[in-house]
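> Below is the file entry-v4.cif, with mmCIF, C-alpha atoms.
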data_start
loop_
_atom_site.label_atom_id
_atom_site.label_comp_id
_atom_site.auth_asym_id
_atom_site.auth_seq_id
_atom_site.Cartn_x
_atom_site.Cartn_y
_atom_site.Cartn_z
CA MET A 1 -1.47 -24.26 -18.66
CA ILE A 2 -1.48 -26.97 -16.03
CA ALA A 3 -0.62 -25.87 -12.53
CA PRO A 4 2.11 -27.98 -10.96
CA THR A 5 -0.05 -28.37 -7.88
CA ALA A 6 -2.50 -30.37 -10.01
CA THR A 7 -0.17 -33.33 -9.69
CA LEU A 8 -0.68 -33.41 -5.92
CA PRO A 9 -3.41 -35.54 -4.38
CA ARG A 10 -6.75 -33.81 -4.78
CA LYS A 11 -7.44 -33.67 -1.05
CA GLY A 12 -4.27 -31.67 -0.56
CA LEU A 13 -5.56 -28.75 -2.59
CA GLY A 14 -7.26 -25.66 -1.31
CA TRP A 15 -8.28 -22.40 -2.92
CA TYR A 16 -6.25 -19.24 -2.59
CA LEU A 17 -8.64 -16.30 -2.95
CA TYR A 18 -7.09 -13.11 -4.38
CA GLY A 19 -10.26 -11.09 -4.47
CA VAL A 20 -13.93 -10.90 -5.40
CA ALA A 21 -15.47 -9.29 -8.47
CA ALA A 22 -18.92 -8.96 -10.01
CA ALA A 23 -19.77 -11.91 -12.21
CA ASP A 24 -21.17 -9.84 -15.09
CA GLU A 25 -18.08 -7.62 -15.26
CA ALA A 26 -15.46 -10.25 -14.63
CA SER A 27 -16.71 -13.19 -16.64
CA ALA A 28 -17.47 -11.25 -19.79
CA ARG A 29 -14.31 -9.21 -19.86
CA LEU A 30 -11.75 -11.41 -18.27
CA GLY A 31 -12.51 -14.65 -20.02
CA ALA A 32 -10.58 -17.72 -19.09
CA GLY A 33 -7.09 -16.54 -19.95
CA LEU A 34 -6.13 -15.05 -16.63
CA ALA A 35 -2.65 -16.28 -15.88
CA ALA A 36 -1.30 -15.60 -12.44
CA GLY A 37 2.38 -16.05 -12.97
CA ALA A 38 4.65 -18.59 -14.53
CA ALA A 39 3.21 -21.54 -12.73
CA GLN A 40 -0.27 -20.81 -11.56
CA GLU A 41 -3.66 -20.93 -13.16
CA VAL A 42 -6.30 -18.50 -12.01
CA GLU A 43 -9.93 -19.46 -12.05
CA LEU A 44 -13.12 -17.53 -11.63
CA VAL A 45 -15.38 -19.33 -9.18
CA ALA A 46 -18.87 -18.00 -9.87
CA GLU A 47 -21.47 -17.96 -7.11
CA GLY A 48 -24.61 -15.94 -7.83
CA PRO A 49 -23.72 -12.38 -8.85
CA LEU A 50 -20.14 -12.73 -7.62
CA VAL A 51 -16.97 -14.45 -8.73
CA GLY A 52 -14.04 -15.39 -6.56
CA VAL A 53 -10.72 -14.87 -8.33
CA ALA A 54 -8.78 -17.86 -7.07
CA SER A 55 -6.05 -20.43 -7.65
CA ARG A 56 -5.75 -23.99 -6.45
CA VAL A 57 -2.88 -24.21 -3.98
CA SER A 58 -1.35 -26.93 -1.89
CA LEU A 59 -2.88 -26.86 1.58
CA GLU A 60 0.46 -27.98 2.95
CA GLU A 61 2.11 -24.89 1.56
CA PHE A 62 -0.20 -22.61 3.53
CA ASP A 63 -0.68 -24.89 6.52
CA GLU A 64 -0.71 -23.11 9.86
CA GLN A 65 2.25 -25.15 11.09
CA ALA A 66 4.26 -24.70 7.91
CA LEU A 67 3.46 -21.05 7.39
CA PRO A 68 5.89 -19.52 9.90
CA ASP A 69 8.75 -21.23 8.06
CA ARG A 70 7.40 -20.18 4.69
CA LEU A 71 7.03 -16.62 5.84
CA SER A 72 10.68 -16.46 6.78
CA ASP A 73 11.65 -17.51 3.25
CA ALA A 74 12.11 -14.17 1.51
CA THR A 75 12.07 -15.65 -1.99
CA TRP A 76 8.85 -17.54 -1.37
CA LEU A 77 7.17 -14.57 0.29
CA GLU A 78 8.15 -12.05 -2.35
CA GLN A 79 7.01 -14.33 -5.15
CA LYS A 80 3.64 -14.94 -3.48
CA ILE A 81 3.12 -11.26 -2.74
CA ARG A 82 3.92 -10.30 -6.32
CA THR A 83 1.62 -12.99 -7.69
CA HIS A 84 -1.19 -11.77 -5.43
CA GLU A 85 -0.79 -8.22 -6.71
CA HIS A 86 -0.23 -9.24 -10.33
CA VAL A 87 -3.48 -11.22 -10.46
CA LEU A 88 -5.47 -8.38 -8.92
CA GLU A 89 -3.95 -5.84 -11.30
CA ARG A 90 -4.92 -8.01 -14.25
CA VAL A 91 -8.48 -8.17 -12.92
CA LEU A 92 -8.50 -4.44 -12.23
CA GLU A 93 -7.84 -3.72 -15.92
CA HIS A 94 -11.24 -5.22 -16.72
CA ALA A 95 -13.37 -5.22 -13.61
CA SER A 96 -13.76 -3.72 -10.16
CA VAL A 97 -12.41 -5.94 -7.45
CA VAL A 98 -12.51 -6.32 -3.67
CA PRO A 99 -8.97 -7.42 -2.77
CA CYS A 100 -8.40 -10.03 -0.09
CA ARG A 101 -5.52 -9.98 2.30
CA PHE A 102 -2.51 -12.18 1.62
CA GLY A 103 -2.95 -15.81 2.55
CA THR A 104 -6.72 -16.20 2.29
CA VAL A 105 -6.92 -19.94 1.64
CA TYR A 106 -10.08 -22.07 1.68
CA ARG A 107 -9.94 -25.76 2.43
CA GLY A 108 -12.12 -26.54 -0.55
CA GLU A 109 -14.41 -25.19 -3.22
CA VAL A 110 -17.45 -25.79 -1.02
CA GLU A 111 -16.02 -23.48 1.65
CA LEU A 112 -15.13 -20.82 -0.90
CA ARG A 113 -18.62 -20.91 -2.43
CA ARG A 114 -20.20 -20.80 1.02
CA PHE A 115 -18.27 -17.63 1.80
CA LEU A 116 -19.31 -16.00 -1.49
CA SER A 117 -22.98 -16.80 -0.91
CA GLU A 118 -23.21 -16.18 2.84
CA ARG A 119 -21.30 -12.92 2.66
CA GLY A 120 -22.74 -11.97 -0.73
CA GLU A 121 -24.53 -8.88 0.52
CA ALA A 122 -21.51 -7.43 2.30
CA LEU A 123 -19.28 -8.28 -0.66
CA GLU A 124 -21.65 -6.58 -3.10
CA ALA A 125 -21.75 -3.51 -0.89
CA ALA A 126 -17.95 -3.48 -0.81
CA LEU A 127 -17.86 -3.84 -4.59
CA ASP A 128 -20.33 -0.99 -5.03
CA ARG A 129 -18.05 1.25 -3.05
CA VAL A 130 -15.03 0.62 -5.29
CA ARG A 131 -16.85 0.21 -8.62
CA GLY A 132 -15.13 2.19 -11.38
CA LYS A 133 -12.48 3.37 -8.92
CA VAL A 134 -8.88 2.62 -8.08
CA GLU A 135 -6.61 3.39 -5.16
CA VAL A 136 -3.57 5.61 -5.46
CA GLY A 137 -0.92 6.37 -2.87
CA VAL A 138 0.52 9.83 -2.27
CA LYS A 139 3.60 10.51 -0.18
CA ALA A 140 5.26 13.82 0.54
CA PHE A 141 8.96 14.19 1.27
CA VAL A 142 10.78 17.25 2.50
CA ASP A 143 14.19 18.31 1.22
CA ARG A 144 15.66 20.11 4.26
CA ASP A 145 17.90 22.51 2.31
CA ARG A 146 15.17 23.56 -0.05
CA PHE A 147 12.75 23.78 2.86
CA ALA A 148 15.13 26.12 4.71
CA ALA A 149 15.62 28.22 1.59
CA GLY A 150 11.88 28.44 1.06
CA ARG A 151 11.29 29.43 4.68
CA ALA A 152 14.04 32.05 4.46
CA ARG A 153 12.11 33.77 1.70
CA GLN A 154 9.05 34.01 3.97
CA ASN A 155 10.61 34.39 7.40
CA ASP A 156 12.68 37.46 8.33
CA ASP A 157 14.27 35.79 11.38
CA ILE A 158 15.62 32.95 9.29
CA ARG A 159 16.89 35.33 6.62
CA GLN A 160 18.68 37.46 9.21
CA LEU A 161 20.23 34.46 10.90
CA GLU A 162 21.42 33.11 7.58
CA ALA A 163 23.09 36.41 6.82
CA GLN A 164 24.71 36.54 10.27
CA ALA A 165 25.86 32.93 10.07
CA SER A 166 27.48 33.47 6.73
CA THR A 167 29.49 36.51 7.89
CA ALA A 168 30.29 35.40 11.46
CA GLU A 169 33.53 33.63 12.27
CA GLY A 170 34.72 30.90 14.65
CA GLY A 171 32.59 30.01 17.66
CA ARG A 172 30.11 32.72 16.86
CA ALA A 173 29.48 31.31 13.40
CA TYR A 174 28.89 27.92 15.01
CA LEU A 175 26.34 29.36 17.43
CA GLU A 176 24.53 31.28 14.71
CA ARG A 177 24.39 28.16 12.61
CA ARG A 178 23.00 26.16 15.54
CA ARG A 179 20.31 28.78 16.11
CA LEU A 180 19.46 28.71 12.43
CA GLU A 181 19.18 24.94 12.45
CA GLN A 182 16.91 25.06 15.48
CA LEU A 183 14.69 27.67 13.89
CA VAL A 184 14.40 25.67 10.67
CA ALA A 185 13.69 22.56 12.73
CA SER A 186 10.86 24.25 14.57
CA GLU A 187 9.46 25.56 11.30
CA LEU A 188 9.62 22.02 9.95
CA GLU A 189 7.83 20.75 13.04
CA ARG A 190 5.09 23.30 12.40
CA PHE A 191 4.90 22.29 8.75
CA ARG A 192 4.54 18.62 9.71
CA GLY A 193 1.58 19.54 11.87
CA GLU A 194 -0.01 21.41 8.98
CA ALA A 195 0.93 18.93 6.24
CA THR A 196 -2.17 16.83 6.73
CA ASP A 197 -4.39 19.87 6.29
CA ARG A 198 -2.46 21.33 3.40
CA ILE A 199 -2.08 18.11 1.44
CA HIS A 200 -4.92 15.82 2.53
CA THR A 201 -7.70 18.40 2.44
CA ARG A 202 -6.82 19.44 -1.08
CA LEU A 203 -6.48 15.92 -2.42
CA MET A 204 -9.74 14.88 -0.74
CA SER A 205 -11.57 17.46 -2.82
CA ALA A 206 -10.55 15.55 -5.96
CA ALA A 207 -11.08 12.05 -4.56
CA GLU A 208 -14.06 9.88 -3.64
CA ASP A 209 -12.46 9.00 -0.34
CA GLY A 210 -9.09 9.14 1.34
CA LEU A 211 -7.07 8.05 4.34
CA VAL A 212 -4.08 9.43 6.17
CA LEU A 213 -1.65 6.54 6.71
CA PRO A 214 1.22 6.23 9.20
CA LEU A 215 4.47 7.79 8.07
CA GLN A 216 7.31 5.49 7.07
CA ALA A 217 10.83 5.79 8.43
CA PRO A 218 13.54 6.67 5.88
CA GLU A 219 14.91 3.11 6.06
CA LEU A 220 11.57 1.92 4.76
CA SER A 221 10.60 4.66 2.36
CA GLY A 222 13.84 4.14 0.50
CA ARG A 223 14.44 7.88 0.30
CA ALA A 224 16.89 9.98 2.24
CA GLU A 225 14.41 12.82 2.63
CA GLU A 226 12.03 12.78 5.55
CA MET A 227 8.47 11.71 4.84
CA VAL A 228 5.98 14.30 6.03
CA PHE A 229 2.79 12.83 4.62
CA ASN A 230 1.48 9.42 3.58
CA GLY A 231 -2.01 8.98 2.21
CA ALA A 232 -4.22 6.69 0.12
CA TYR A 233 -7.06 7.86 -2.09
CA LEU A 234 -9.97 6.22 -3.82
CA VAL A 235 -10.28 7.92 -7.21
CA THR A 236 -12.13 7.41 -10.47
CA ALA A 237 -10.38 4.85 -12.65
CA ASP A 238 -9.32 7.42 -15.28
CA ARG A 239 -7.59 9.43 -12.48
CA VAL A 240 -7.71 12.63 -14.58
CA GLY A 241 -9.25 14.97 -12.03
CA PHE A 242 -7.10 13.64 -9.21
CA GLU A 243 -3.85 13.94 -11.13
CA GLU A 244 -4.71 17.53 -12.05
CA ALA A 245 -5.28 18.36 -8.39
CA LEU A 246 -2.06 16.58 -7.46
CA GLY A 247 -0.09 18.46 -10.11
CA SER A 248 -1.35 21.83 -8.98
CA LEU A 249 -0.65 20.98 -5.33
CA ALA A 250 2.86 19.81 -6.26
CA ARG A 251 3.58 23.16 -7.93
CA ASP A 252 2.28 25.07 -4.90
CA ILE A 253 4.42 23.26 -2.35
CA ARG A 254 7.55 22.71 -4.43
CA ASP A 255 9.01 25.99 -3.26
CA ASP A 256 8.64 24.77 0.32
CA GLY A 257 10.97 21.91 -0.55
CA ILE A 258 8.18 19.36 -0.63
CA ASP A 259 8.11 16.66 -3.31
CA LEU A 260 5.11 14.44 -3.92
CA GLU A 261 5.31 10.81 -4.95
CA LEU A 262 2.38 9.04 -6.60
CA THR A 263 1.96 5.25 -6.62
CA GLY A 264 -0.67 3.03 -8.18
CA PRO A 265 -3.21 2.43 -9.53
CA TRP A 266 -3.77 -0.19 -6.86
CA PRO A 267 -6.73 -2.41 -6.12
CA ALA A 268 -8.61 -0.59 -3.36
CA TYR A 269 -6.82 -2.38 -0.49
CA ASN A 270 -7.39 0.54 1.87
CA PHE A 271 -11.06 1.02 1.03
CA VAL A 272 -12.61 -2.37 1.64
CA PRO A 273 -13.97 -3.71 4.96
CA GLU A 274 -11.18 -5.05 7.10
CA GLU A 275 -13.07 -8.05 8.30
CA LEU A 276 -15.64 -10.27 6.64
CA GLY A 277 -16.16 -13.25 8.89
CA ALA A 278 -17.22 -16.59 7.54
CA GLY A 279 -20.29 -16.53 9.79
CA MET B 1 24.78 5.85 -6.90
CA SER B 2 25.09 3.45 -9.83
CA MET B 3 22.24 2.63 -12.17
CA SER B 4 21.89 -0.87 -10.77
CA GLU B 5 21.78 0.48 -7.23
CA GLN B 6 19.07 2.92 -8.24
CA GLN B 7 17.19 0.08 -9.86
CA THR B 8 17.45 -2.02 -6.70
CA LEU B 9 16.29 0.90 -4.60
CA LYS B 10 13.32 1.50 -6.85
CA GLN B 11 12.34 -2.15 -6.78
CA GLN B 12 12.62 -2.18 -3.02
CA VAL B 13 10.32 0.82 -2.73
CA THR B 14 7.78 -0.87 -4.95
CA LEU B 15 8.05 -4.05 -2.90
CA LEU B 16 7.52 -2.06 0.27
CA GLU B 17 4.37 -0.52 -1.16
CA LEU B 18 3.24 -4.00 -2.08
CA VAL B 19 4.04 -5.49 1.30
CA ASP B 20 2.18 -2.70 3.06
CA ARG B 21 -0.93 -3.29 1.02
CA VAL B 22 -0.96 -7.02 0.32
CA LEU B 23 0.02 -8.08 3.84
CA ASN B 24 -1.59 -5.30 5.81
CA LYS B 25 -4.75 -4.33 3.96
CA GLY B 26 -7.54 -5.97 2.04
CA VAL B 27 -10.44 -8.04 3.30
CA VAL B 28 -9.65 -10.51 6.05
CA VAL B 29 -11.82 -13.59 6.03
CA SER B 30 -11.84 -15.18 9.44
CA GLY B 31 -13.51 -18.36 10.50
CA ASP B 32 -12.95 -22.07 10.38
CA ILE B 33 -13.47 -22.38 6.63
CA THR B 34 -10.07 -20.88 5.88
CA LEU B 35 -6.56 -21.77 6.85
CA SER B 36 -5.87 -19.16 9.43
CA VAL B 37 -3.02 -16.76 9.27
CA ALA B 38 -4.69 -14.70 11.99
CA GLY B 39 -2.37 -13.96 14.85
CA VAL B 40 0.61 -13.67 12.55
CA ASP B 41 1.69 -10.07 12.25
CA LEU B 42 2.07 -10.44 8.52
CA VAL B 43 3.25 -6.97 7.75
CA TYR B 44 5.92 -7.07 10.41
CA VAL B 45 7.10 -10.53 9.41
CA GLY B 46 7.07 -9.53 5.74
CA LEU B 47 9.03 -6.37 6.24
CA ARG B 48 11.54 -8.08 8.48
CA VAL B 49 12.09 -10.88 6.01
CA LEU B 50 12.00 -8.93 2.79
CA LEU B 51 14.00 -5.96 3.96
CA SER B 52 16.41 -8.01 6.00
CA SER B 53 19.28 -5.78 4.93
CA VAL B 54 17.65 -3.00 6.90
CA ALA B 55 19.21 -2.91 10.32
CA THR B 56 16.44 -1.27 12.26
CA LEU B 57 12.73 -1.26 11.87
CA GLU B 58 11.27 1.74 13.54
CA GLU B 59 7.70 2.21 14.47
CA PRO B 60 6.24 5.10 12.54
CA ARG B 61 7.04 8.32 14.38
CA GLU B 62 3.42 9.20 14.78
CA ARG B 63 0.23 7.50 13.97
CA ILE B 64 -2.09 10.09 12.62
CA SER B 65 -5.66 9.06 13.14
CA ALA B 66 -7.57 8.73 9.92
CA ALA B 67 -9.63 11.68 8.80
CA GLY B 68 -12.66 10.79 6.73
CA ALA B 69 -11.80 7.22 7.45
CA ALA B 70 -12.89 3.98 5.86
CA PRO B 71 -15.54 1.98 7.69
#
Go ahead and render the structure in this file as structure tokens.


Amino acid sequence: MIAPTATLPRKGLGWYLYGVAAADEASARLGAGLAAGAAQEVELVAEGPLVGVASRVSLEEFDEQALPDRLSDATWLEQKIRTHEHVLERVLEHASVVPCRFGTVYRGEVELRRFLSERGEALEAALDRVRGKVEVGVKAFVDRDRFAAGRARQNDDIRQLEAQASTAEGGRAYLERRRLEQLVASELERFRGEATDRIHTRLMSAAEDGLVLPLQAPELSGRAEEMVFNGAYLVTADRVGFEEALGSLARDIRDDGIDLELTGPWPAYNFVPEELGAG
Amino acid sequence: MSMSEQQTLKQQVTLLELVDRVLNKGVVVSGDITLSVAGVDLVYVGLRVLLSSVATLEEPRERISAAGAAP
């Protein structure tokens, strides 16, 4: 496949780096047939024990001046983001990979190779950390009605209030219901405070590493239920032990109205160094 | 909710997960050998652009500090 960018003048091409893998793993198993998307060829740029997983891209496309406009083009951005992830997922099927952040573009092959050699030690250390592992995401959502029902089974006050609210009439029923809502809300507040301990601690015992991430607002999570936990875990690539732990946790907290959502496997975006300067 | 709406919702969730990771995480290579996207709040720009149907973008309610954090 010939990338359309190949028709541009040579000096206008840079290298988009998706990630870095070990040469022995990547070259043997990936071969040359790594296609990024419909229109882009992916190449393995070998430098010592490492390979950069990269594509030639137009420097104009990622130029600092042009980028703000590009970034506001939803179609362009979504396509580039999906390509970035797609390439890394293909690599991940065969080899461990240190993922780069979106938009890592080198002016030329010399610059890319210089990065791979000068930062070789740090990159190898980062690779060692994620070797044979993948990242998974775990989110917990609370269903308020089921949460209230679950709490009522454990909490006498809530049970009593529920009974009173269901038999009371008029203004009194309204007040009882308000009190019930407040009590459930404060129980929920308490649960939120404990969620990290209850969920994260248990999942950490089945993971190599893990992180508590910021919660997402309902508009972003795409679910009506409130998110009470958001985490990322570095787990062995087969994921067996982790998924067992997750399943048993899910059964334990289901009666509290808590549902768990698993995403991945992802390249270990959350478990690589944030910054690797060019020196 | 219709099937196609559910499908759209699911795709949007997946895209959000992607945006959060691809734009916000992963190794950042800084220095003069790369074109620099430093200084651009990629994740904010990305979310704003890609989820433009969303009226409000709230900051996360609380930022829990990482336990057993990455380096």

> What are the residues of chain A that have an atom within 7 Å of an atom of chain B, counting all atoms listed in the file, as a PyMOL selection string?

chain A and resi 63-64+72+74+81+99-107+111+210-217+219+221-222+269-278

> Between A:Ala26, A:Leu246, A:Val138, A:Val110, which is the closest to Glu93 in chain A once you count all atoms listed in the file?

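Result for the nearest residue to Glu93 in chain A: A:Ala26.
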
> Quote the spacing between CA of Tyr174 in chain A and CA of Ser186 in chain A in Å to one decimal place.

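Straight-line distance from CA of Tyr174 in chain A to CA of Ser186 in chain A works out to 18.4 Å.
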
> Do a neighbour search on Asp252 in chain A at 12 Å with all atoms listed in the file, toss out local chain neighbours closer than 6 positions, and write the hits as number ranges by chain.

A: 150, 198-199, 202, 245-246, 258-260

> For CA of Glu261 in chain A and CA of Lys139 in chain A, determine how far apart the two atoms are, in Å to one decimal place.

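Spanning CA of Glu261 in chain A to CA of Lys139 in chain A is a straight-line distance of 5.1 Å.
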
> In Å to one decimal, how far is CA of Val134 in chain A from CA of Glu244 in chain A?

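Going from CA of Glu244 in chain A over to CA of Val134 in chain A, I get 16.0 Å.
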
> Could you tell me which of A:Glu135, A:Asp24, A:Glu124, A:Asp145 comes closest to Asp238 in chain A if we count only C-alpha atoms?

A:Glu135

> In terms of the shortest atom-to-atom distance over only C-alpha atoms, which of A:Val53, A:Val184, A:Lys133, A:Leu71 is closest to Gln154 in chain A?

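Between A:Val53, A:Val184, A:Lys133, A:Leu71, the residue approaching Gln154 in chain A most closely is A:Val184.
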